>>> print(open('protein.cif').read())   # mmCIF, C-alpha atoms
data_upload
loop_
_atom_site.label_atom_id
_atom_site.label_comp_id
_atom_site.auth_asym_id
_atom_site.auth_seq_id
_atom_site.Cartn_x
_atom_site.Cartn_y
_atom_site.Cartn_z
CA MET A 16 -5.56 -49.76 -15.85
CA GLN A 17 -6.05 -52.73 -18.21
CA THR A 18 -3.28 -54.67 -19.93
CA ASN A 19 -3.01 -58.02 -21.67
CA ASN A 20 0.69 -58.27 -20.88
CA PRO A 21 2.09 -59.99 -17.78
CA VAL A 22 2.07 -57.52 -14.89
CA THR A 23 5.53 -57.55 -13.34
CA LEU A 24 6.63 -55.94 -10.09
CA ILE A 25 10.39 -55.36 -9.81
CA THR A 26 11.73 -54.07 -6.51
CA GLY A 27 14.70 -51.74 -6.48
CA SER A 28 14.18 -50.98 -10.14
CA THR A 29 15.24 -47.34 -10.38
CA ARG A 30 18.89 -48.22 -11.06
CA GLY A 31 21.39 -51.03 -11.47
CA ILE A 32 20.23 -54.59 -12.01
CA GLY A 33 16.59 -53.81 -11.26
CA LYS A 34 16.37 -51.05 -13.84
CA ALA A 35 18.11 -53.24 -16.44
CA ILE A 36 15.58 -56.01 -15.80
CA ALA A 37 12.71 -53.54 -16.13
CA LEU A 38 14.01 -52.23 -19.45
CA GLU A 39 14.67 -55.73 -20.81
CA LEU A 40 11.30 -57.19 -19.85
CA SER A 41 9.44 -54.15 -21.14
CA LYS A 42 11.01 -54.75 -24.58
CA ILE A 43 9.50 -58.24 -24.74
CA GLY A 44 5.99 -57.30 -23.72
CA TYR A 45 5.85 -57.21 -19.93
CA THR A 46 3.97 -54.46 -18.12
CA ILE A 47 6.35 -53.12 -15.49
CA ILE A 48 5.80 -51.68 -12.03
CA ILE A 49 8.87 -49.68 -11.03
CA THR A 50 9.53 -49.44 -7.30
CA GLY A 51 11.99 -47.49 -5.19
CA THR A 52 11.91 -45.15 -2.25
CA LYS A 53 11.46 -41.88 -4.21
CA GLN A 54 8.31 -41.22 -6.24
CA GLU A 55 10.11 -38.81 -8.55
CA THR A 56 12.71 -41.44 -9.46
CA VAL A 57 10.24 -44.28 -10.05
CA GLU A 58 8.21 -42.02 -12.31
CA GLU A 59 11.33 -41.07 -14.28
CA VAL A 60 12.16 -44.72 -15.03
CA ALA A 61 8.54 -45.54 -15.85
CA ALA A 62 8.49 -42.58 -18.26
CA GLU A 63 11.69 -43.85 -19.88
CA ILE A 64 10.04 -47.21 -20.52
CA GLU A 65 6.88 -45.58 -21.86
CA LYS A 66 8.95 -43.39 -24.18
CA SER A 67 10.63 -46.47 -25.64
CA GLY A 68 7.26 -48.07 -26.40
CA GLY A 69 6.76 -50.15 -23.27
CA THR A 70 4.14 -49.98 -20.52
CA ALA A 71 5.10 -49.02 -16.98
CA ILE A 72 4.02 -47.17 -13.87
CA GLY A 73 6.00 -46.09 -10.82
CA ILE A 74 4.97 -46.78 -7.22
CA SER A 75 7.30 -45.60 -4.47
CA SER A 76 7.69 -47.69 -1.34
CA ASN A 77 10.20 -48.00 1.48
CA LEU A 78 10.28 -51.77 2.02
CA LEU A 79 12.18 -51.37 5.28
CA VAL A 80 9.02 -49.98 6.88
CA SER A 81 6.86 -52.69 8.42
CA GLY A 82 3.60 -53.22 6.53
CA ASN A 83 4.74 -51.48 3.34
CA SER A 84 5.17 -54.76 1.44
CA LYS A 85 1.48 -55.53 1.83
CA ILE A 86 0.51 -51.96 0.94
CA LEU A 87 2.63 -52.10 -2.22
CA ILE A 88 0.89 -55.26 -3.42
CA GLU A 89 -2.50 -53.73 -2.64
CA LYS A 90 -1.61 -50.72 -4.81
CA VAL A 91 -0.57 -53.01 -7.68
CA ILE A 92 -3.84 -54.93 -7.49
CA GLU A 93 -5.81 -51.69 -7.26
CA ARG A 94 -4.18 -50.48 -10.49
CA PHE A 95 -4.13 -53.70 -12.52
CA GLY A 96 -6.37 -56.24 -10.80
CA ARG A 97 -3.65 -58.88 -10.97
CA LEU A 98 0.03 -59.69 -10.58
CA ASP A 99 1.83 -62.24 -12.77
CA VAL A 100 5.55 -61.94 -12.00
CA LEU A 101 7.45 -60.75 -8.94
CA VAL A 102 11.15 -59.92 -9.09
CA ASN A 103 12.75 -59.59 -5.66
CA ASN A 104 15.75 -57.47 -6.56
CA ALA A 105 16.03 -54.70 -3.94
CA GLY A 106 18.98 -55.22 -1.67
CA ILE A 107 21.82 -53.64 0.23
CA ALA A 108 25.41 -54.77 0.83
CA LYS A 109 27.55 -53.95 3.85
CA ALA A 110 31.26 -54.70 3.70
CA ASP A 111 32.51 -54.82 7.28
CA SER A 112 34.53 -57.25 9.34
CA PHE A 113 32.57 -59.59 11.59
CA ASN A 114 33.32 -57.56 14.73
CA GLU A 115 32.23 -54.29 13.10
CA VAL A 116 28.66 -55.41 12.38
CA THR A 117 26.15 -53.51 14.51
CA GLU A 118 22.56 -54.35 15.39
CA GLU A 119 21.47 -51.40 13.25
CA ASP A 120 23.41 -52.81 10.29
CA PHE A 121 21.84 -56.21 10.90
CA ASP A 122 18.31 -54.84 10.99
CA THR A 123 18.85 -52.84 7.77
CA VAL A 124 20.51 -55.56 5.69
CA ILE A 125 18.32 -58.43 6.89
CA GLY A 126 15.29 -56.16 6.70
CA LEU A 127 15.74 -55.31 3.03
CA ASN A 128 17.40 -58.50 1.79
CA VAL A 129 15.31 -61.06 3.69
CA LYS A 130 12.30 -59.62 5.51
CA ALA A 131 11.09 -57.51 2.58
CA PRO A 132 11.09 -60.34 0.00
CA MET A 133 9.55 -62.67 2.58
CA PHE A 134 6.51 -60.52 3.24
CA LEU A 135 6.25 -59.06 -0.25
CA THR A 136 6.09 -62.60 -1.62
CA GLN A 137 3.62 -63.59 1.06
CA ALA A 138 1.33 -60.70 0.11
CA ALA A 139 1.74 -61.39 -3.61
CA LEU A 140 1.18 -65.16 -3.53
CA PRO A 141 -2.64 -65.23 -3.73
CA TYR A 142 -2.52 -63.16 -6.91
CA LEU A 143 0.48 -64.93 -8.43
CA LEU A 144 -1.19 -68.30 -7.97
CA ASP A 145 -4.19 -67.09 -9.99
CA SER A 146 -1.93 -66.25 -12.94
CA PRO A 147 -0.94 -68.63 -15.75
CA GLU A 148 2.49 -66.92 -15.71
CA LYS A 149 3.06 -67.22 -11.91
CA ALA A 150 6.78 -66.68 -11.44
CA ILE A 151 9.06 -65.27 -8.76
CA VAL A 152 12.63 -64.28 -9.62
CA ASN A 153 15.02 -63.66 -6.73
CA ILE A 154 18.25 -61.78 -7.35
CA SER A 155 20.73 -63.41 -5.00
CA SER A 156 24.53 -63.18 -5.13
CA VAL A 157 27.72 -65.16 -5.39
CA VAL A 158 28.06 -64.64 -1.62
CA GLY A 159 25.01 -66.86 -1.17
CA HIS A 160 27.18 -69.89 -2.03
CA LYS A 161 30.78 -68.63 -1.81
CA ALA A 162 32.39 -67.09 1.27
CA TYR A 163 34.27 -63.80 1.25
CA ALA A 164 36.00 -62.10 4.15
CA ASN A 165 34.36 -58.93 5.49
CA GLN A 166 30.96 -59.86 4.05
CA THR A 167 29.48 -61.94 6.86
CA LEU A 168 26.29 -59.89 7.13
CA TYR A 169 25.64 -59.64 3.39
CA ALA A 170 26.43 -63.34 2.94
CA SER A 171 24.08 -64.22 5.79
CA SER A 172 21.25 -62.33 4.12
CA LYS A 173 21.75 -64.03 0.75
CA HIS A 174 22.00 -67.49 2.34
CA ALA A 175 18.73 -66.73 4.12
CA LEU A 176 17.09 -65.57 0.88
CA ASN A 177 18.25 -68.72 -0.91
CA GLY A 178 16.97 -71.02 1.82
CA MET A 179 13.66 -69.24 2.07
CA MET A 180 12.98 -69.35 -1.66
CA SER A 181 14.13 -72.98 -2.01
CA ALA A 182 11.64 -73.99 0.67
CA LEU A 183 8.91 -71.87 -0.97
CA ALA A 184 9.54 -73.58 -4.32
CA LYS A 185 9.10 -77.01 -2.74
CA GLU A 186 6.00 -75.96 -0.83
CA TYR A 187 4.23 -74.66 -3.96
CA ARG A 188 5.74 -77.04 -6.54
CA THR A 189 2.43 -78.68 -7.47
CA SER A 190 0.76 -75.28 -8.03
CA GLY A 191 2.90 -74.56 -11.08
CA LEU A 192 4.59 -71.60 -9.39
CA ARG A 193 8.06 -71.05 -10.86
CA VAL A 194 10.63 -69.84 -8.34
CA TYR A 195 14.05 -68.81 -9.65
CA LYS A 196 17.32 -67.73 -8.09
CA VAL A 197 19.84 -65.70 -10.06
CA ALA A 198 23.24 -65.43 -8.36
CA PRO A 199 25.66 -63.06 -10.12
CA GLY A 200 29.20 -62.26 -9.12
CA GLY A 201 30.42 -58.67 -9.23
CA VAL A 202 28.03 -56.51 -11.29
CA ALA A 203 28.80 -52.97 -12.46
CA THR A 204 26.50 -51.12 -10.04
CA GLU A 205 26.94 -48.45 -7.39
CA MET A 206 26.75 -51.16 -4.73
CA ILE A 207 29.79 -53.06 -5.96
CA HIS A 208 32.05 -50.02 -5.77
CA THR A 209 31.34 -49.85 -2.04
CA ALA A 210 31.38 -53.57 -1.28
CA ARG A 211 34.31 -54.56 -3.54
CA PRO A 212 36.44 -51.54 -4.49
CA ASP A 213 39.28 -53.98 -5.23
CA LEU A 214 37.60 -55.35 -8.35
CA ASP A 215 38.70 -54.21 -11.81
CA PRO A 216 35.74 -52.26 -13.28
CA ASN A 217 36.50 -53.71 -16.71
CA SER A 218 35.91 -57.24 -15.41
CA LEU A 219 32.47 -56.62 -13.92
CA ILE A 220 29.29 -58.26 -15.19
CA GLN A 221 26.97 -55.74 -16.84
CA PRO A 222 23.44 -55.29 -15.42
CA GLU A 223 22.05 -55.96 -18.91
CA GLU A 224 23.62 -59.43 -18.85
CA VAL A 225 21.77 -60.27 -15.66
CA ALA A 226 18.57 -58.86 -17.18
CA LYS A 227 18.86 -61.11 -20.22
CA THR A 228 19.27 -64.08 -17.88
CA VAL A 229 16.03 -63.17 -16.12
CA ALA A 230 14.23 -62.87 -19.46
CA PHE A 231 15.53 -66.31 -20.43
CA LEU A 232 14.23 -67.89 -17.22
CA LEU A 233 10.80 -66.35 -17.68
CA SER A 234 10.66 -67.76 -21.22
CA LEU A 235 10.80 -71.33 -19.85
CA LYS A 236 7.16 -72.33 -19.70
CA GLY A 237 7.36 -75.96 -20.78
CA ASN A 238 8.61 -79.10 -19.08
CA ALA A 239 12.20 -77.89 -18.73
CA GLN A 240 12.78 -75.77 -15.66
CA VAL A 241 15.88 -74.17 -14.13
CA ASP A 242 15.97 -73.53 -10.40
CA GLU A 243 19.10 -71.40 -10.18
CA ILE A 244 21.60 -69.70 -12.44
CA ARG A 245 25.02 -68.64 -11.19
CA ILE A 246 26.80 -65.96 -13.23
CA ARG A 247 30.53 -65.39 -12.77
CA ARG A 248 32.90 -62.77 -14.08
CA LYS A 249 34.79 -64.24 -17.05
CA ASP A 250 38.15 -63.71 -15.36
CA ASN A 251 37.02 -65.64 -12.28
CA MET A 252 37.59 -69.36 -11.74
CA PRO A 253 34.96 -71.64 -13.37
CA PHE A 254 32.77 -73.97 -11.29
CA GLU A 255 33.49 -72.56 -7.88
#
>>> encode(input="protein.cif", output="structure tokens")
Amino acid sequence: MQTNNPVTLITGSTRGIGKAIALELSKIGYTIIITGTKQETVEEVAAEIEKSGGTAIGISSNLLVSGNSKILIEKVIERFGRLDVLVNNAGIAKADSFNEVTEEDFDTVIGLNVKAPMFLTQAALPYLLDSPEKAIVNISSVVGHKAYANQTLYASSKHALNGMMSALAKEYRTSGLRVYKVAPGGVATEMIHTARPDLDPNSLIQPEEVAKTVAFLLSLKGNAQVDEIRIRRKDNMPFE
């Protein structure tokens, strides 16, 4: 499958923030690979993009399964011959007190929020480095820099993601690889209703607002670069 547009893989892109990013980037000329655990769902979102005039395909993958990150990248390269942009968006939140966290919870949350982006990025790097676009966008969270009670496991995973990607950016700085972190507060997704049922739904950030932020970062191809953008709810305290 040939395309002149930047080939962009977005994990967890069948709903929420990931889907919003896919729709936004497709509008401005990116070729999108939709990923999620169910083939039927990824194909539905890809078809939605195609119907609106964009270009997309769906590839299902369970990133919690060891080795699937590498297989996913191999499938992308088999279809397109290249990869230009990687968006590490797939994630899971667990809202439990410190003493309620189980080893199973730990393996699931760290597996999807840290291990998956680690090895997906590792598998993607050789192809990204060959691209003039070469960018990695990591969807982090406010909990990666601000502590909340009953979110020790989720916060640990986002701190780990932030540290990993900061080190990666320094390691590959001279290659021209752009590594971004986007850290939103409460976003109107299914996840937030489980993790923070106390939040007023009317105050939540919209997924489309996060998507426009990602599009802005990818537009920065000159001398000015932004490492991280933090997005807060407008009724939250500034500069915290």
>>> residues_near_point(input="protein.cif", point="(2.9, -75.1, -10.2)", cutoff="12 Å", atoms="all atoms listed in the file", output="ChimeraX atom specification")
/A:143-151,183-194,236-238,240
>>> resolve_selection(input="protein.cif", expression="the PyMOL selection byres ((chain A and resi 25-42) around 8)", output="JSON, numbers by chain")
{"A": [23, 24, 43, 44, 45, 46, 47, 48, 49, 50, 51, 56, 57, 60, 64, 68, 69, 70, 71, 101, 102, 103, 104, 105, 106, 203, 204, 205, 222, 223, 225, 226, 227, 229, 230]}
>>> write_last_selection(input="protein.cif", atoms="C-alpha atoms", output="PDB file, in the frame of the given file")
ATOM      1  CA  THR A  23       5.530 -57.550 -13.340  1.00  0.00           C
ATOM      2  CA  LEU A  24       6.630 -55.940 -10.090  1.00  0.00           C
ATOM      3  CA  ILE A  43       9.500 -58.240 -24.740  1.00  0.00           C
ATOM      4  CA  GLY A  44       5.990 -57.300 -23.720  1.00  0.00           C
ATOM      5  CA  TYR A  45       5.850 -57.210 -19.930  1.00  0.00           C
ATOM      6  CA  THR A  46       3.970 -54.460 -18.120  1.00  0.00           C
ATOM      7  CA  ILE A  47       6.350 -53.120 -15.490  1.00  0.00           C
ATOM      8  CA  ILE A  48       5.800 -51.680 -12.030  1.00  0.00           C
ATOM      9  CA  ILE A  49       8.870 -49.680 -11.030  1.00  0.00           C
ATOM     10  CA  THR A  50       9.530 -49.440  -7.300  1.00  0.00           C
ATOM     11  CA  GLY A  51      11.990 -47.490  -5.190  1.00  0.00           C
ATOM     12  CA  THR A  56      12.710 -41.440  -9.460  1.00  0.00           C
ATOM     13  CA  VAL A  57      10.240 -44.280 -10.050  1.00  0.00           C
ATOM     14  CA  VAL A  60      12.160 -44.720 -15.030  1.00  0.00           C
ATOM     15  CA  ILE A  64      10.040 -47.210 -20.520  1.00  0.00           C
ATOM     16  CA  GLY A  68       7.260 -48.070 -26.400  1.00  0.00           C
ATOM     17  CA  GLY A  69       6.760 -50.150 -23.270  1.00  0.00           C
ATOM     18  CA  THR A  70       4.140 -49.980 -20.520  1.00  0.00           C
ATOM     19  CA  ALA A  71       5.100 -49.020 -16.980  1.00  0.00           C
ATOM     20  CA  LEU A 101       7.450 -60.750  -8.940  1.00  0.00           C
ATOM     21  CA  VAL A 102      11.150 -59.920  -9.090  1.00  0.00           C
ATOM     22  CA  ASN A 103      12.750 -59.590  -5.660  1.00  0.00           C
ATOM     23  CA  ASN A 104      15.750 -57.470  -6.560  1.00  0.00           C
ATOM     24  CA  ALA A 105      16.030 -54.700  -3.940  1.00  0.00           C
ATOM     25  CA  GLY A 106      18.980 -55.220  -1.670  1.00  0.00           C
ATOM     26  CA  ALA A 203      28.800 -52.970 -12.460  1.00  0.00           C
ATOM     27  CA  THR A 204      26.500 -51.120 -10.040  1.00  0.00           C
ATOM     28  CA  GLU A 205      26.940 -48.450  -7.390  1.00  0.00           C
ATOM     29  CA  PRO A 222      23.440 -55.290 -15.420  1.00  0.00           C
ATOM     30  CA  GLU A 223      22.050 -55.960 -18.910  1.00  0.00           C
ATOM     31  CA  VAL A 225      21.770 -60.270 -15.660  1.00  0.00           C
ATOM     32  CA  ALA A 226      18.570 -58.860 -17.180  1.00  0.00           C
ATOM     33  CA  LYS A 227      18.860 -61.110 -20.220  1.00  0.00           C
ATOM     34  CA  VAL A 229      16.030 -63.170 -16.120  1.00  0.00           C
ATOM     35  CA  ALA A 230      14.230 -62.870 -19.460  1.00  0.00           C
TER      36      ALA A 230
END
>>> resolve_selection(input="protein.cif", expression="the PyMOL selection byres ((chain A and resi 244) around 6)", output="list in words")
Val197, Glu243 and Arg245 of chain A
>>> residues_around(input="protein.cif", residues="Arg97 (chain A)", least_positions_apart="4", cutoff="10 Å", atoms="all atoms listed in the file", output="list in words")
Gln17, Thr18, Pro21, Val22, Thr23, Ile88, Glu89, Val91, Ile92, Glu93, Ala139, Pro141, Tyr142, Leu143, Asp145 and Ser146 of chain A
>>> closest_residue(input="protein.cif", among="A:Pro132, A:Pro216, A:Gly126, A:Gly159", to="Ala198 (chain A)", atoms="all atoms listed in the file")
A:Gly159
>>> closest_residue(input="protein.cif", among="A:Ala108, A:Leu219, A:Asp242, A:Ala162", to="Ser181 (chain A)", atoms="all atoms listed in the file")
A:Asp242
>>> resolve_selection(input="protein.cif", expression="the PyMOL selection byres ((chain A and resi 129) around 9)", output="list in words")
Gly106, Val124, Ile125, Gly126, Leu127, Asn128, Lys130, Ala131, Pro132, Met133, Phe134, Ser172, Lys173, Ala175, Leu176 and Met179 of chain A
>>> write_last_selection(input="protein.cif", atoms="C-alpha atoms", output="compact mmCIF listing (two decimals), in the frame of the given file")
# COMPACT_ATOMS: atom_id res chain seq x y z
CA GLY A 106 18.98 -55.22 -1.67
CA VAL A 124 20.51 -55.56 5.69
CA ILE A 125 18.32 -58.43 6.89
CA GLY A 126 15.29 -56.16 6.70
CA LEU A 127 15.74 -55.31 3.03
CA ASN A 128 17.40 -58.50 1.79
CA LYS A 130 12.30 -59.62 5.51
CA ALA A 131 11.09 -57.51 2.58
CA PRO A 132 11.09 -60.34 0.00
CA MET A 133 9.55 -62.67 2.58
CA PHE A 134 6.51 -60.52 3.24
CA SER A 172 21.25 -62.33 4.12
CA LYS A 173 21.75 -64.03 0.75
CA ALA A 175 18.73 -66.73 4.12
CA LEU A 176 17.09 -65.57 0.88
CA MET A 179 13.66 -69.24 2.07
>>> closest_residue(input="protein.cif", among="A:Gln137, A:Ser81, A:Asn153, A:Asn165", to="Asn177 (chain A)", atoms="all atoms listed in the file")
A:Asn153
>>> atom_distance(input="protein.cif", atom1="CA of His174 (chain A)", atom2="CA of Val116 (chain A)")
17.1 Å
>>> atom_distance(input="protein.cif", atom1="CA of Met206 (chain A)", atom2="CA of Tyr163 (chain A)")
15.9 Å
>>> closest_residue(input="protein.cif", among="A:Glu115, A:Gly200, A:Asp213, A:Leu233", to="Lys249 (chain A)", atoms="only C-alpha atoms")
A:Gly200
>>> atom_distance(input="protein.cif", atom1="CA of Val241 (chain A)", atom2="CA of Asp99 (chain A)")
18.5 Å
>>> axis_aligned_box(input="protein.cif", around="region 211-220 of chain A", padding_each_side="5 Å", output="JSON")
{"center_x": 34.3, "center_y": -54.9, "center_z": -10.1, "size_x": 20.0, "size_y": 16.7, "size_z": 23.2}
>>> closest_residue(input="protein.cif", among="A:Ala210, A:Asn77, A:Glu59, A:Val100", to="Val158 (chain A)", atoms="all atoms listed in the file")
A:Ala210
>>> closest_residue(input="protein.cif", among="A:Asn83, A:Ser171, A:Gln166, A:Thr228", to="Arg211 (chain A)", atoms="only C-alpha atoms")
A:Gln166
>>> residues_around(input="protein.cif", residues="Ile86 (chain A)", least_positions_apart="4", cutoff="9 Å", atoms="all atoms listed in the file", output="list in words")
Ser76, Gly82, Lys90, Val91 and Ala138 of chain A
